[in-house]
$ cat data.csv   # CSV, N, CA and C atoms
chain,number,residue,atom,x,y,z
A,1,MET,N,142.3,211.1,-29.3
A,1,MET,CA,142.1,209.7,-28.8
A,1,MET,C,142.4,208.7,-29.9
A,2,GLN,N,141.8,208.9,-31.1
A,2,GLN,CA,142.0,208.0,-32.2
A,2,GLN,C,143.5,207.8,-32.6
A,3,SER,N,144.2,208.9,-32.6
A,3,SER,CA,145.6,208.9,-33.0
A,3,SER,C,146.4,208.1,-31.9
A,4,LEU,N,146.0,208.3,-30.7
A,4,LEU,CA,146.7,207.6,-29.6
A,4,LEU,C,146.5,206.1,-29.7
A,5,LEU,N,145.2,205.7,-30.0
A,5,LEU,CA,144.9,204.3,-30.1
A,5,LEU,C,145.7,203.7,-31.3
A,6,LEU,N,145.7,204.4,-32.4
A,6,LEU,CA,146.4,204.0,-33.6
A,6,LEU,C,147.9,203.8,-33.4
A,7,CYS,N,148.5,204.7,-32.7
A,7,CYS,CA,149.9,204.6,-32.4
A,7,CYS,C,150.2,203.5,-31.4
A,8,SER,N,149.3,203.3,-30.4
A,8,SER,CA,149.5,202.2,-29.5
A,8,SER,C,149.4,200.9,-30.2
A,9,GLY,N,148.5,200.7,-31.2
A,9,GLY,CA,148.4,199.5,-32.0
A,9,GLY,C,149.7,199.3,-32.8
A,10,GLN,N,150.3,200.3,-33.3
A,10,GLN,CA,151.6,200.2,-34.0
A,10,GLN,C,152.7,199.7,-33.1
A,11,VAL,N,152.7,200.3,-31.9
A,11,VAL,CA,153.7,199.9,-30.9
A,11,VAL,C,153.6,198.4,-30.6
A,12,PHE,N,152.4,197.9,-30.4
A,12,PHE,CA,152.2,196.5,-30.1
A,12,PHE,C,152.5,195.6,-31.3
A,13,LEU,N,152.2,196.2,-32.5
A,13,LEU,CA,152.6,195.4,-33.7
A,13,LEU,C,154.1,195.2,-33.8
A,14,LYS,N,154.8,196.3,-33.5
A,14,LYS,CA,156.3,196.2,-33.6
A,14,LYS,C,156.8,195.1,-32.5
A,15,PHE,N,156.2,195.2,-31.3
A,15,PHE,CA,156.6,194.2,-30.3
A,15,PHE,C,156.2,192.8,-30.8
A,16,ALA,N,155.0,192.6,-31.4
A,16,ALA,CA,154.6,191.3,-31.8
A,16,ALA,C,155.5,190.8,-32.9
A,17,LEU,N,155.9,191.6,-33.8
A,17,LEU,CA,156.7,191.1,-35.0
A,17,LEU,C,158.1,190.8,-34.5
A,18,ALA,N,158.6,191.4,-33.5
A,18,ALA,CA,159.9,191.1,-32.9
A,18,ALA,C,159.9,189.7,-32.3
A,19,LYS,N,158.8,189.2,-31.9
A,19,LYS,CA,158.7,187.9,-31.3
A,19,LYS,C,158.4,186.8,-32.3
A,20,MET,N,158.1,187.2,-33.5
A,20,MET,CA,157.7,186.2,-34.5
A,20,MET,C,158.9,185.6,-35.2
A,21,PRO,N,158.8,184.3,-35.5
A,21,PRO,CA,159.8,183.7,-36.3
A,21,PRO,C,159.7,184.1,-37.8
A,22,PRO,N,160.6,183.9,-38.6
A,22,PRO,CA,160.5,184.2,-40.0
A,22,PRO,C,159.2,183.6,-40.6
A,23,PHE,N,158.6,184.2,-41.6
A,23,PHE,CA,157.4,183.7,-42.2
A,23,PHE,C,157.7,182.3,-42.8
A,24,ALA,N,156.7,181.4,-42.6
A,24,ALA,CA,156.8,180.1,-43.2
A,24,ALA,C,155.3,179.6,-43.2
A,25,TRP,N,155.0,178.8,-44.2
A,25,TRP,CA,153.7,178.1,-44.3
A,25,TRP,C,153.8,176.9,-43.5
A,26,SER,N,154.0,177.1,-42.1
A,26,SER,CA,154.1,175.9,-41.3
A,26,SER,C,153.2,176.0,-40.1
A,27,LYS,N,153.0,174.9,-39.5
A,27,LYS,CA,152.1,174.8,-38.3
A,27,LYS,C,152.8,175.6,-37.1
A,28,ASP,N,154.1,175.6,-37.0
A,28,ASP,CA,154.8,176.3,-36.0
A,28,ASP,C,154.7,177.8,-36.1
A,29,PHE,N,154.7,178.3,-37.3
A,29,PHE,CA,154.6,179.7,-37.5
A,29,PHE,C,153.2,180.2,-37.2
A,30,PHE,N,152.2,179.5,-37.6
A,30,PHE,CA,150.8,179.9,-37.3
A,30,PHE,C,150.5,179.7,-35.9
A,31,ALA,N,151.1,178.8,-35.2
A,31,ALA,CA,150.9,178.6,-33.8
A,31,ALA,C,151.5,179.8,-33.0
A,32,ALA,N,152.7,180.2,-33.5
A,32,ALA,CA,153.3,181.4,-32.8
A,32,ALA,C,152.5,182.6,-33.1
A,33,LEU,N,151.9,182.7,-34.3
A,33,LEU,CA,151.0,183.8,-34.6
A,33,LEU,C,149.8,183.9,-33.7
A,34,ALA,N,149.1,182.7,-33.5
A,34,ALA,CA,147.9,182.6,-32.7
A,34,ALA,C,148.2,182.9,-31.3
A,35,LEU,N,149.3,182.6,-30.8
A,35,LEU,CA,149.6,182.7,-29.3
A,35,LEU,C,150.3,184.1,-29.0
A,36,ASN,N,150.5,184.9,-30.0
A,36,ASN,CA,151.2,186.2,-29.8
A,36,ASN,C,150.2,187.2,-29.2
A,37,TRP,N,150.2,187.5,-27.9
A,37,TRP,CA,149.3,188.4,-27.3
A,37,TRP,C,149.4,189.8,-27.7
A,38,GLN,N,150.7,190.2,-28.1
A,38,GLN,CA,150.9,191.6,-28.5
A,38,GLN,C,150.1,191.8,-29.9
A,39,LEU,N,150.1,190.8,-30.7
A,39,LEU,CA,149.4,190.9,-31.9
A,39,LEU,C,147.9,191.0,-31.7
A,40,ALA,N,147.4,190.3,-30.7
A,40,ALA,CA,145.9,190.4,-30.4
A,40,ALA,C,145.6,191.8,-29.8
A,41,ALA,N,146.5,192.3,-29.0
A,41,ALA,CA,146.4,193.7,-28.5
A,41,ALA,C,146.4,194.7,-29.6
A,42,CYS,N,147.3,194.5,-30.6
A,42,CYS,CA,147.3,195.3,-31.7
A,42,CYS,C,146.0,195.4,-32.5
A,43,GLY,N,145.4,194.2,-32.7
A,43,GLY,CA,144.2,194.1,-33.4
A,43,GLY,C,143.0,194.8,-32.6
A,44,LEU,N,143.0,194.7,-31.3
A,44,LEU,CA,142.0,195.3,-30.5
A,44,LEU,C,142.2,196.9,-30.5
A,45,LEU,N,143.4,197.3,-30.5
A,45,LEU,CA,143.7,198.8,-30.5
A,45,LEU,C,143.3,199.3,-31.9
A,46,PHE,N,143.7,198.6,-33.0
A,46,PHE,CA,143.3,199.1,-34.3
A,46,PHE,C,141.8,199.1,-34.5
A,47,GLY,N,141.1,198.1,-34.0
A,47,GLY,CA,139.7,198.0,-34.1
A,47,GLY,C,139.0,199.2,-33.3
A,48,SER,N,139.5,199.4,-32.1
A,48,SER,CA,139.0,200.6,-31.3
A,48,SER,C,139.3,201.9,-32.0
A,49,ALA,N,140.5,202.0,-32.6
A,49,ALA,CA,140.8,203.3,-33.3
A,49,ALA,C,139.8,203.5,-34.5
A,50,SER,N,139.4,202.4,-35.1
A,50,SER,CA,138.5,202.4,-36.3
A,50,SER,C,137.1,202.9,-35.8
A,51,LEU,N,136.7,202.4,-34.7
A,51,LEU,CA,135.4,202.8,-34.1
A,51,LEU,C,135.4,204.2,-33.8
A,52,VAL,N,136.4,204.7,-33.1
A,52,VAL,CA,136.5,206.1,-32.8
A,52,VAL,C,136.6,207.0,-34.1
A,53,TRP,N,137.3,206.5,-35.1
A,53,TRP,CA,137.4,207.2,-36.3
A,53,TRP,C,136.0,207.3,-37.0
A,54,MET,N,135.2,206.3,-36.9
A,54,MET,CA,133.9,206.4,-37.5
A,54,MET,C,133.0,207.4,-36.8
A,55,TYR,N,133.2,207.5,-35.5
A,55,TYR,CA,132.5,208.5,-34.7
A,55,TYR,C,133.0,209.9,-35.1
A,56,ILE,N,134.3,210.1,-35.2
A,56,ILE,CA,134.8,211.4,-35.6
A,56,ILE,C,134.3,211.8,-37.0
A,57,LEU,N,134.4,210.9,-38.0
A,57,LEU,CA,133.9,211.2,-39.3
A,57,LEU,C,132.4,211.6,-39.4
A,58,ARG,N,131.7,211.0,-38.5
A,58,ARG,CA,130.2,211.3,-38.5
A,58,ARG,C,129.9,212.6,-37.9
A,59,HIS,N,130.8,213.1,-36.9
A,59,HIS,CA,130.4,214.3,-36.2
A,59,HIS,C,131.3,215.5,-36.5
A,60,PHE,N,132.3,215.4,-37.3
A,60,PHE,CA,133.2,216.5,-37.5
A,60,PHE,C,133.5,216.6,-39.0
A,61,PRO,N,133.8,217.9,-39.5
A,61,PRO,CA,134.1,218.0,-40.9
A,61,PRO,C,135.3,217.3,-41.3
A,62,PHE,N,135.3,216.6,-42.5
A,62,PHE,CA,136.4,215.9,-43.0
A,62,PHE,C,137.7,216.7,-43.1
A,63,SER,N,137.5,218.0,-43.5
A,63,SER,CA,138.7,218.9,-43.6
A,63,SER,C,139.3,219.2,-42.3
A,64,THR,N,138.7,219.0,-41.2
A,64,THR,CA,139.3,219.1,-39.9
A,64,THR,C,139.8,217.8,-39.3
A,65,ALA,N,138.9,216.8,-39.5
A,65,ALA,CA,139.2,215.5,-38.9
A,65,ALA,C,140.5,214.8,-39.5
A,66,TYR,N,140.6,214.8,-40.8
A,66,TYR,CA,141.6,214.0,-41.4
A,66,TYR,C,143.0,214.6,-41.1
A,67,PRO,N,143.2,215.9,-41.2
A,67,PRO,CA,144.6,216.4,-40.9
A,67,PRO,C,144.9,216.2,-39.4
A,68,MET,N,143.9,216.1,-38.5
A,68,MET,CA,144.2,215.9,-37.1
A,68,MET,C,144.7,214.5,-36.8
A,69,ALA,N,144.4,213.6,-37.7
A,69,ALA,CA,144.9,212.2,-37.6
A,69,ALA,C,146.5,212.2,-37.7
A,70,SER,N,147.1,213.2,-38.2
A,70,SER,CA,148.5,213.2,-38.3
A,70,SER,C,149.2,213.3,-36.9
A,71,MET,N,148.4,213.6,-35.9
A,71,MET,CA,149.0,213.6,-34.5
A,71,MET,C,149.5,212.2,-34.2
A,72,SER,N,149.1,211.2,-34.9
A,72,SER,CA,149.7,209.8,-34.6
A,72,SER,C,151.2,209.8,-34.9
A,73,TYR,N,151.6,210.7,-35.8
A,73,TYR,CA,153.1,210.7,-36.1
A,73,TYR,C,153.8,211.3,-34.9
A,74,VAL,N,153.2,212.3,-34.2
A,74,VAL,CA,153.8,212.9,-33.0
A,74,VAL,C,153.9,211.8,-31.9
A,75,PHE,N,152.8,211.1,-31.7
A,75,PHE,CA,152.8,210.1,-30.7
A,75,PHE,C,153.8,208.9,-31.1
A,76,GLY,N,153.9,208.7,-32.3
A,76,GLY,CA,154.8,207.7,-32.8
A,76,GLY,C,156.3,208.1,-32.5
A,77,MET,N,156.6,209.3,-32.6
A,77,MET,CA,157.9,209.8,-32.3
A,77,MET,C,158.2,209.6,-30.8
A,78,VAL,N,157.3,209.9,-30.0
A,78,VAL,CA,157.5,209.8,-28.5
A,78,VAL,C,157.6,208.3,-28.2
A,79,ALA,N,156.8,207.5,-28.8
A,79,ALA,CA,156.8,206.0,-28.6
A,79,ALA,C,158.2,205.4,-29.0
A,80,ALA,N,158.7,205.9,-30.1
A,80,ALA,CA,160.0,205.5,-30.6
A,80,ALA,C,161.1,205.7,-29.5
A,81,ILE,N,161.0,206.8,-28.8
A,81,ILE,CA,162.0,207.2,-27.8
A,81,ILE,C,161.7,206.3,-26.5
A,82,LEU,N,160.5,206.3,-26.1
A,82,LEU,CA,160.1,205.6,-24.8
A,82,LEU,C,160.3,204.1,-24.9
A,83,PHE,N,159.8,203.5,-26.0
A,83,PHE,CA,159.7,202.0,-26.0
A,83,PHE,C,160.8,201.4,-26.8
A,84,PHE,N,161.3,202.1,-27.8
A,84,PHE,CA,162.3,201.4,-28.6
A,84,PHE,C,163.7,202.1,-28.5
A,85,HIS,N,163.8,203.1,-27.6
A,85,HIS,CA,165.1,203.8,-27.3
A,85,HIS,C,165.8,204.3,-28.5
A,86,GLU,N,165.0,204.8,-29.4
A,86,GLU,CA,165.6,205.4,-30.7
A,86,GLU,C,166.1,206.8,-30.5
A,87,GLU,N,167.1,207.2,-31.2
A,87,GLU,CA,167.6,208.5,-31.2
A,87,GLU,C,166.7,209.3,-32.2
A,88,VAL,N,166.4,210.5,-31.9
A,88,VAL,CA,165.5,211.4,-32.8
A,88,VAL,C,166.3,212.6,-33.1
A,89,SER,N,166.6,212.9,-34.3
A,89,SER,CA,167.4,214.0,-34.8
A,89,SER,C,166.6,215.3,-34.6
A,90,LEU,N,167.3,216.4,-34.7
A,90,LEU,CA,166.7,217.7,-34.6
A,90,LEU,C,165.8,217.9,-35.8
A,91,GLN,N,166.2,217.4,-37.0
A,91,GLN,CA,165.4,217.5,-38.2
A,91,GLN,C,164.0,216.9,-38.0
A,92,LYS,N,164.0,215.7,-37.3
A,92,LYS,CA,162.7,215.0,-37.1
A,92,LYS,C,161.9,215.8,-36.1
A,93,TRP,N,162.5,216.4,-35.1
A,93,TRP,CA,161.8,217.2,-34.1
A,93,TRP,C,161.2,218.4,-34.8
A,94,CYS,N,161.9,219.0,-35.7
A,94,CYS,CA,161.3,220.1,-36.5
A,94,CYS,C,160.1,219.7,-37.3
A,95,GLY,N,160.2,218.5,-37.9
A,95,GLY,CA,159.0,218.0,-38.6
A,95,GLY,C,157.8,217.8,-37.6
A,96,VAL,N,158.1,217.3,-36.5
A,96,VAL,CA,157.0,217.1,-35.5
A,96,VAL,C,156.4,218.4,-35.0
A,97,ALA,N,157.3,219.4,-34.9
A,97,ALA,CA,156.8,220.8,-34.5
A,97,ALA,C,155.9,221.3,-35.6
A,98,CYS,N,156.2,221.1,-36.9
A,98,CYS,CA,155.4,221.5,-38.0
A,98,CYS,C,154.0,220.8,-38.0
A,99,ILE,N,154.0,219.5,-37.6
A,99,ILE,CA,152.7,218.8,-37.5
A,99,ILE,C,151.9,219.4,-36.4
A,100,ILE,N,152.5,219.6,-35.3
A,100,ILE,CA,151.7,220.2,-34.1
A,100,ILE,C,151.2,221.6,-34.5
A,101,LEU,N,152.0,222.4,-35.1
A,101,LEU,CA,151.6,223.7,-35.5
A,101,LEU,C,150.4,223.6,-36.5
A,102,GLY,N,150.6,222.7,-37.5
A,102,GLY,CA,149.5,222.6,-38.4
A,102,GLY,C,148.2,222.2,-37.8
A,103,CYS,N,148.3,221.2,-36.9
A,103,CYS,CA,147.1,220.8,-36.1
A,103,CYS,C,146.5,221.9,-35.3
A,104,ALA,N,147.3,222.7,-34.7
A,104,ALA,CA,146.8,223.8,-33.9
A,104,ALA,C,146.1,224.8,-34.8
A,105,LEU,N,146.6,225.1,-36.0
A,105,LEU,CA,146.0,226.0,-36.9
A,105,LEU,C,144.7,225.5,-37.4
A,106,ILE,N,144.6,224.2,-37.7
A,106,ILE,CA,143.4,223.6,-38.2
A,106,ILE,C,142.3,223.5,-37.1
A,107,ALA,N,142.7,223.3,-35.9
A,107,ALA,CA,141.7,223.2,-34.7
A,107,ALA,C,141.1,224.6,-34.4
A,108,ARG,N,141.7,225.6,-34.8
A,108,ARG,CA,141.2,227.0,-34.4
A,108,ARG,C,139.9,227.2,-35.0
$ encode --input "data.csv" --output "structure tokens"
Amino acid sequence: MQSLLLCSGQVFLKFALAKMPPFAWSKDFFAALALNWQLAACGLLFGSASLVWMYILRHFPFSTAYPMASMSYVFGMVAAILFFHEEVSLQKWCGVACIILGCALIAR
């Protein structure tokens, strides 16, 4: 769940940044920042992921919990395809398979 929240926050961050003008110390830039609902959603998702992460760290061994966080990379790959229409090479899929296998071995 934490990895999914974290990945979702990254997706909203990418959408938010695509709508932002180039950085400037101007009233217009900060107004665009304040009115960017995707950025607010990103913050809420990151905050929620942090709360879930605190629960996980409290109740599970660190040697199990921390490697499982790498599942966010798997979710990120799927999000890249679904939301950003990116091409994913066979080499990247092999890397994702290694992450999934590693998580399966750790979870046993």
$ residues_around --input "data.csv" --residues "Phe15 in chain A" --least-positions-apart "2" --cutoff "10 Å" --atoms "only C-alpha atoms" --output "CSV table (one decimal) with N, CA and C atoms, keeping the file's coordinate frame"
chain,number,residue,atom,x,y,z
A,9,GLY,N,148.5,200.7,-31.2
A,9,GLY,CA,148.4,199.5,-32.0
A,9,GLY,C,149.7,199.3,-32.8
A,10,GLN,N,150.3,200.3,-33.3
A,10,GLN,CA,151.6,200.2,-34.0
A,10,GLN,C,152.7,199.7,-33.1
A,11,VAL,N,152.7,200.3,-31.9
A,11,VAL,CA,153.7,199.9,-30.9
A,11,VAL,C,153.6,198.4,-30.6
A,12,PHE,N,152.4,197.9,-30.4
A,12,PHE,CA,152.2,196.5,-30.1
A,12,PHE,C,152.5,195.6,-31.3
A,13,LEU,N,152.2,196.2,-32.5
A,13,LEU,CA,152.6,195.4,-33.7
A,13,LEU,C,154.1,195.2,-33.8
A,17,LEU,N,155.9,191.6,-33.8
A,17,LEU,CA,156.7,191.1,-35.0
A,17,LEU,C,158.1,190.8,-34.5
A,18,ALA,N,158.6,191.4,-33.5
A,18,ALA,CA,159.9,191.1,-32.9
A,18,ALA,C,159.9,189.7,-32.3
A,19,LYS,N,158.8,189.2,-31.9
A,19,LYS,CA,158.7,187.9,-31.3
A,19,LYS,C,158.4,186.8,-32.3
A,20,MET,N,158.1,187.2,-33.5
A,20,MET,CA,157.7,186.2,-34.5
A,20,MET,C,158.9,185.6,-35.2
A,36,ASN,N,150.5,184.9,-30.0
A,36,ASN,CA,151.2,186.2,-29.8
A,36,ASN,C,150.2,187.2,-29.2
A,37,TRP,N,150.2,187.5,-27.9
A,37,TRP,CA,149.3,188.4,-27.3
A,37,TRP,C,149.4,189.8,-27.7
A,38,GLN,N,150.7,190.2,-28.1
A,38,GLN,CA,150.9,191.6,-28.5
A,38,GLN,C,150.1,191.8,-29.9
A,39,LEU,N,150.1,190.8,-30.7
A,39,LEU,CA,149.4,190.9,-31.9
A,39,LEU,C,147.9,191.0,-31.7
A,42,CYS,N,147.3,194.5,-30.6
A,42,CYS,CA,147.3,195.3,-31.7
A,42,CYS,C,146.0,195.4,-32.5
A,83,PHE,N,159.8,203.5,-26.0
A,83,PHE,CA,159.7,202.0,-26.0
A,83,PHE,C,160.8,201.4,-26.8
A,84,PHE,N,161.3,202.1,-27.8
A,84,PHE,CA,162.3,201.4,-28.6
A,84,PHE,C,163.7,202.1,-28.5
$ closest_residue --input "data.csv" --among "A:Cys103, A:Phe23, A:Arg108, A:Gln2" --to "Met54 in chain A" --atoms "only C-alpha atoms"
A:Gln2
$ closest_residue --input "data.csv" --among "A:Ala65, A:Ser50, A:Tyr55, A:Leu45" --to "Ser8 in chain A" --atoms "only N, CA and C atoms"
A:Leu45
$ select_by_dssp --input "data.csv" --residues "range 5-107 of chain A" --states "alpha helix (DSSP H)" --output "ChimeraX atom specification"
/A:5-19,27-34,37-59,62-68,71-84,90-107
$ residues_around --input "data.csv" --residues "range 87-97 of chain A" --least-positions-apart "6" --cutoff "8 Å" --atoms "only C-alpha atoms" --output "list in words"
Tyr73, Val74, Met77 and Ile81 of chain A
$ write_last_selection --input "data.csv" --atoms "N, CA and C atoms" --output "compact mmCIF listing (two decimals), keeping the file's coordinate frame"
# COMPACT_ATOMS: atom_id res chain seq x y z
N TYR A 73 151.60 210.70 -35.80
CA TYR A 73 153.10 210.70 -36.10
C TYR A 73 153.80 211.30 -34.90
N VAL A 74 153.20 212.30 -34.20
CA VAL A 74 153.80 212.90 -33.00
C VAL A 74 153.90 211.80 -31.90
N MET A 77 156.60 209.30 -32.60
CA MET A 77 157.90 209.80 -32.30
C MET A 77 158.20 209.60 -30.80
N ILE A 81 161.00 206.80 -28.80
CA ILE A 81 162.00 207.20 -27.80
C ILE A 81 161.70 206.30 -26.50
$ atom_distance --input "data.csv" --atom1 "CA of Ala31 in chain A" --atom2 "CA of Lys14 in chain A"
18.4 Å
$ closest_residue --input "data.csv" --among "A:Leu35, A:Ala107, A:Leu101, A:Leu5" --to "Gly47 in chain A" --atoms "only C-alpha atoms"
A:Leu5
$ closest_residue --input "data.csv" --among "A:Ala24, A:Leu6, A:Ala34, A:Met1" --to "Phe46 in chain A" --atoms "all atoms listed in the file"
A:Leu6
$ atom_distance --input "data.csv" --atom1 "atom C of Phe60 in chain A" --atom2 "atom N of Gly43 in chain A"
26.1 Å
$ closest_residue --input "data.csv" --among "A:Ile100, A:Ala40, A:Leu105, A:Ala80" --to "Ala16 in chain A" --atoms "only N, CA and C atoms"
A:Ala40
$ atom_distance --input "data.csv" --atom1 "atom C of Met68 in chain A" --atom2 "atom N of His85 in chain A"
24.1 Å
$ decode --input "data.csv" --residues "range 13-29 of chain A" --atoms "N, CA and C atoms" --output "CSV table (one decimal), in the first residue's frame"
chain,number,residue,atom,x,y,z
A,13,LEU,N,2.9,14.4,-9.1
A,13,LEU,CA,4.0,15.4,-9.2
A,13,LEU,C,4.4,15.6,-10.6
A,14,LYS,N,4.5,14.6,-11.4
A,14,LYS,CA,4.9,14.8,-12.9
A,14,LYS,C,3.8,15.6,-13.6
A,15,PHE,N,2.5,15.2,-13.3
A,15,PHE,CA,1.4,16.0,-14.0
A,15,PHE,C,1.5,17.5,-13.5
A,16,ALA,N,1.7,17.7,-12.2
A,16,ALA,CA,1.8,19.0,-11.7
A,16,ALA,C,2.9,19.9,-12.3
A,17,LEU,N,4.1,19.2,-12.4
A,17,LEU,CA,5.2,20.0,-13.0
A,17,LEU,C,5.0,20.3,-14.5
A,18,ALA,N,4.3,19.4,-15.2
A,18,ALA,CA,4.0,19.7,-16.6
A,18,ALA,C,3.2,21.0,-16.8
A,19,LYS,N,2.4,21.3,-15.8
A,19,LYS,CA,1.5,22.5,-15.9
A,19,LYS,C,2.2,23.8,-15.3
A,20,MET,N,3.3,23.6,-14.7
A,20,MET,CA,4.0,24.8,-14.1
A,20,MET,C,4.8,25.6,-15.1
A,21,PRO,N,4.7,26.9,-15.0
A,21,PRO,CA,5.6,27.7,-15.8
A,21,PRO,C,7.1,27.5,-15.3
A,22,PRO,N,8.1,28.0,-16.1
A,22,PRO,CA,9.4,27.9,-15.6
A,22,PRO,C,9.6,28.7,-14.3
A,23,PHE,N,10.5,28.2,-13.4
A,23,PHE,CA,10.6,28.8,-12.1
A,23,PHE,C,11.0,30.3,-12.2
A,24,ALA,N,10.4,31.1,-11.4
A,24,ALA,CA,10.7,32.5,-11.3
A,24,ALA,C,10.3,33.0,-9.9
A,25,TRP,N,11.0,33.9,-9.4
A,25,TRP,CA,10.6,34.5,-8.1
A,25,TRP,C,9.6,35.6,-8.4
A,26,SER,N,8.4,35.1,-8.9
A,26,SER,CA,7.4,36.1,-9.2
A,26,SER,C,6.1,35.7,-8.6
A,27,LYS,N,5.2,36.7,-8.5
A,27,LYS,CA,3.9,36.4,-8.0
A,27,LYS,C,3.1,35.4,-8.9
A,28,ASP,N,3.3,35.5,-10.2
A,28,ASP,CA,2.6,34.6,-11.1
A,28,ASP,C,3.0,33.2,-10.9
A,29,PHE,N,4.3,33.0,-10.7
A,29,PHE,CA,4.8,31.6,-10.5
A,29,PHE,C,4.2,31.0,-9.2
